[in-house]
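Note sheet for the following structure.
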Amino acid sequence: MAVEPAEFLLSAEASLAQESEIFWRNAVSRAYYGVFHQAQATAKDRGWPEYAAGATHERLAALYVDQGERALGYRLKHMHRLRCSADYDITDGLSLAAATDQVVTAKKLADDVAKLTA
């Protein structure tokens, strides 16, 4: 059974309802991946070329910038940095407010990316 990008965002929202930082970190991560997968699908639908070198996440953000969607590319890159921080910088605290902001931002960015195929 396939999973849709929007399901990552739903999972992120569900994680926000929990009363533990580990769930909030998961929300940040799932929110980013919802946008990431939406951005990948949109790039493919538009027929944009894939980059041959570099990390997948960096290539995708750079592709959006190179295709004239600079703001979307930069927002995607910023969300990736926040996801990395939530997953790897575990000694730094993460608040519910910060996680909620990431989820709200992800939903908006996913909508903006999806509009490119409309």
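Ligands are numbered from 1 in the order shown, residues from 1 within each chain, and chains are lettered A, B, ... in the order they appear in the structure tokens.
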Can you tell me, as a ChimeraX atom specification, what residues are no more than 10 Å from Ala61 in chain A when counting only C-alpha atoms, ignoring any on the same chain fewer than 4 positions away?
/A:36,39-40,56-57,65-66,69-78,80
Given only C-alpha atoms as the counted atoms, nearest of A:Ala86, A:Leu94, A:Val103, A:Leu60 to Ala12 in chain A
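Using only C-alpha atoms, Ala12 in chain A sits closest to A:Val103.
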Ser29 in chain A environment, 7 Å, only C-alpha atoms, sequence neighbours closer than 3 positions dropped, as a PyMOL selection string
chain A and resi 25-26+32-33+83+86
Pick out the closest residue to Leu116 in chain A from this set: A:Gln18, A:Gln38, A:Ser11, A:Thr100. Count only C-alpha atoms.
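The closest residue to Leu116 in chain A is A:Gln38.
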Of the candidates A:Ala6, A:Ala14, A:Ile90, A:Leu63, which shows the shortest atom-to-atom distance to Lys44 in chain A, using only C-alpha atoms?
A:Leu63
With DSSP run on the backbone, what are the alpha helix (DSSP H) residues within range 15-107 of chain A? I'd like them as a ChimeraX atom specification.
/A:15-16,21-45,56-66,70-88,96-107
Writing out the chosen residues with C-alpha atoms as a PDB file, in the first residue's frame:
```pdb
ATOM      1  CA  SER A  15       2.198  13.776  17.211  1.00  0.00           C
ATOM      2  CA  LEU A  16       1.565  17.336  18.385  1.00  0.00           C
ATOM      3  CA  GLU A  21       9.154  16.111  23.446  1.00  0.00           C
ATOM      4  CA  ILE A  22       9.939  12.920  21.512  1.00  0.00           C
ATOM      5  CA  PHE A  23       6.546  13.174  19.809  1.00  0.00           C
ATOM      6  CA  TRP A  24       7.114  16.862  19.048  1.00  0.00           C
ATOM      7  CA  ARG A  25      10.449  15.962  17.462  1.00  0.00           C
ATOM      8  CA  ASN A  26       8.655  13.325  15.434  1.00  0.00           C
ATOM      9  CA  ALA A  27       6.131  15.976  14.367  1.00  0.00           C
ATOM     10  CA  VAL A  28       8.942  18.195  13.067  1.00  0.00           C
ATOM     11  CA  SER A  29      10.445  15.302  11.138  1.00  0.00           C
ATOM     12  CA  ARG A  30       7.166  14.000   9.686  1.00  0.00           C
ATOM     13  CA  ALA A  31       6.138  17.536   8.703  1.00  0.00           C
ATOM     14  CA  TYR A  32       9.359  18.002   6.762  1.00  0.00           C
ATOM     15  CA  TYR A  33       8.998  14.663   4.999  1.00  0.00           C
ATOM     16  CA  GLY A  34       5.429  15.506   3.997  1.00  0.00           C
ATOM     17  CA  VAL A  35       6.764  18.587   2.211  1.00  0.00           C
ATOM     18  CA  PHE A  36       9.819  16.765   0.860  1.00  0.00           C
ATOM     19  CA  HIS A  37       7.736  14.051  -0.808  1.00  0.00           C
ATOM     20  CA  GLN A  38       5.256  16.612  -2.165  1.00  0.00           C
ATOM     21  CA  ALA A  39       8.157  18.634  -3.605  1.00  0.00           C
ATOM     22  CA  GLN A  40       9.686  15.531  -5.207  1.00  0.00           C
ATOM     23  CA  ALA A  41       6.390  14.554  -6.824  1.00  0.00           C
ATOM     24  CA  THR A  42       5.780  18.082  -8.080  1.00  0.00           C
ATOM     25  CA  ALA A  43       9.274  18.316  -9.589  1.00  0.00           C
ATOM     26  CA  LYS A  44       8.697  15.016 -11.368  1.00  0.00           C
ATOM     27  CA  ASP A  45       5.257  16.133 -12.619  1.00  0.00           C
ATOM     28  CA  THR A  56      19.044  14.250  -2.038  1.00  0.00           C
ATOM     29  CA  HIS A  57      17.561  16.921   0.233  1.00  0.00           C
ATOM     30  CA  GLU A  58      20.028  19.590  -0.859  1.00  0.00           C
ATOM     31  CA  ARG A  59      19.542  18.688  -4.541  1.00  0.00           C
ATOM     32  CA  LEU A  60      15.778  19.037  -4.277  1.00  0.00           C
ATOM     33  CA  ALA A  61      15.942  22.473  -2.656  1.00  0.00           C
ATOM     34  CA  ALA A  62      18.558  23.581  -5.230  1.00  0.00           C
ATOM     35  CA  LEU A  63      16.369  22.302  -8.053  1.00  0.00           C
ATOM     36  CA  TYR A  64      13.502  24.532  -6.953  1.00  0.00           C
ATOM     37  CA  VAL A  65      15.839  27.516  -6.765  1.00  0.00           C
ATOM     38  CA  ASP A  66      17.290  26.758 -10.212  1.00  0.00           C
ATOM     39  CA  ARG A  70      13.613  30.433  -5.157  1.00  0.00           C
ATOM     40  CA  ALA A  71      11.330  31.118  -2.211  1.00  0.00           C
ATOM     41  CA  LEU A  72      10.026  27.549  -2.212  1.00  0.00           C
ATOM     42  CA  GLY A  73      13.544  26.134  -2.474  1.00  0.00           C
ATOM     43  CA  TYR A  74      14.825  28.258   0.391  1.00  0.00           C
ATOM     44  CA  ARG A  75      11.833  27.406   2.575  1.00  0.00           C
ATOM     45  CA  LEU A  76      12.379  23.709   1.863  1.00  0.00           C
ATOM     46  CA  LYS A  77      16.047  24.035   2.797  1.00  0.00           C
ATOM     47  CA  HIS A  78      15.136  25.820   6.047  1.00  0.00           C
ATOM     48  CA  MET A  79      12.631  23.121   6.980  1.00  0.00           C
ATOM     49  CA  HIS A  80      15.289  20.476   6.317  1.00  0.00           C
ATOM     50  CA  ARG A  81      17.662  22.203   8.738  1.00  0.00           C
ATOM     51  CA  LEU A  82      14.954  22.197  11.409  1.00  0.00           C
ATOM     52  CA  ARG A  83      14.255  18.508  10.768  1.00  0.00           C
ATOM     53  CA  CYS A  84      17.950  17.694  11.151  1.00  0.00           C
ATOM     54  CA  SER A  85      18.075  19.635  14.398  1.00  0.00           C
ATOM     55  CA  ALA A  86      15.033  17.793  15.767  1.00  0.00           C
ATOM     56  CA  ASP A  87      16.492  14.415  14.822  1.00  0.00           C
ATOM     57  CA  TYR A  88      20.161  14.918  15.675  1.00  0.00           C
ATOM     58  CA  LEU A  96       5.580  22.255  21.543  1.00  0.00           C
ATOM     59  CA  ALA A  97       5.335  25.786  20.096  1.00  0.00           C
ATOM     60  CA  ALA A  98       8.364  25.227  17.844  1.00  0.00           C
ATOM     61  CA  ALA A  99       7.021  21.873  16.671  1.00  0.00           C
ATOM     62  CA  THR A 100       3.605  23.377  16.006  1.00  0.00           C
ATOM     63  CA  ASP A 101       5.181  26.162  13.978  1.00  0.00           C
ATOM     64  CA  GLN A 102       7.038  23.595  11.841  1.00  0.00           C
ATOM     65  CA  VAL A 103       3.829  21.665  11.150  1.00  0.00           C
ATOM     66  CA  VAL A 104       1.892  24.827  10.225  1.00  0.00           C
ATOM     67  CA  THR A 105       4.761  25.947   7.992  1.00  0.00           C
ATOM     68  CA  ALA A 106       4.949  22.519   6.361  1.00  0.00           C
ATOM     69  CA  LYS A 107       1.255  22.487   5.522  1.00  0.00           C
TER      70      LYS A 107
END
```
Could you jot down the CA of Gly93 in chain A to CA of Glu13 in chain A separation for me, Å, one decimal place?
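CA of Gly93 in chain A sits 19.3 Å away from CA of Glu13 in chain A.
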For Asp111 in chain A, the nearest of the candidates A:Ser95, A:Gln67, A:Leu9, A:Trp48, counting only C-alpha atoms
A:Leu9
